[in-house]
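K.L.:
A single structure is presented below for examination.
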Amino acid sequence: MAILVNLNEIKMTPHPKFEGVDIAFIVTKEKQKELSTTVLNIKPGVEIPIHTHEKEVDNILVLEGEGEIFVNGKWQDLKKGDIIVVPPGEEHGVKAKGEKGLLCYIVHAPALW
């Protein structure tokens, strides 16, 4: 069954691992094992530490805000409209900057959540 969600109507809750980050679960592995989709709101000045995913490709679309992303061994600027695809096993992390922080749409394949 298809899922239609309006970004303005999603319910954000505190992220289970990262303080200063809110998350909305759009599609989880209970509904779709091939991928999971979430929306992250990373508050200004908050960093999601450098990490890897064992099996999942991490696809990130920046919907709002600015920050930095750690990919390819270095920190790089990040802004609205940027798309980042991180293969399994590759280090990556995100820092929110500015007054708004970062709002990101995330797809993990296979499903992470």
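FYI, nothing fancy with the structure tokens labels: chains A, B, ... in order, residues from 1 per chain, ligands from 1 as they appear.
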Enumerate, in order of chain and increasing residue number, the residues of stretch 26-113 of chain A with an atom no farther than 8 Å from stretch 3-22 of chain A, each with its shortest atom pair and distance in Å to one decimal, counting only C-alpha atoms, as a tab-separated table.
P.N.:
residue	atom	partner	partner_atom	distance
A:Ile26	CA	A:Val5	CA	7.7
A:Leu40	CA	A:Asp22	CA	5.7
A:Asn41	CA	A:Asp22	CA	5.1
A:Ile42	CA	A:Val21	CA	4.6
A:Lys43	CA	A:Gly20	CA	5.6
A:Val46	CA	A:Gly20	CA	6.1
A:Ile48	CA	A:Phe18	CA	6.9
K.L.:
Please provide as a ChimeraX atom specification all residues within 12 Å of A:Glu91, with the sequence filter that same-chain residues fewer than 2 positions apart are discarded (counting only C-alpha atoms).
P.N.:
/A:48-54,57-58,69-75,85-89,93-94
K.L.:
Considering only C-alpha atoms, state which residue in the set A:Pro110, A:Gly65, A:Glu47, A:Ile60 is at the smallest distance from A:Lys95.
P.N.:
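The closest residue to A:Lys95 is A:Glu47.
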K.L.:
From the DSSP assignment of the backbone, select every residue of chain A that is strand (DSSP E or B), and format the answer as a PyMOL selection string.
P.N.:
chain A and resi 13-14+21-27+36-42+47-51+57-71+74-79+83-86+92-109
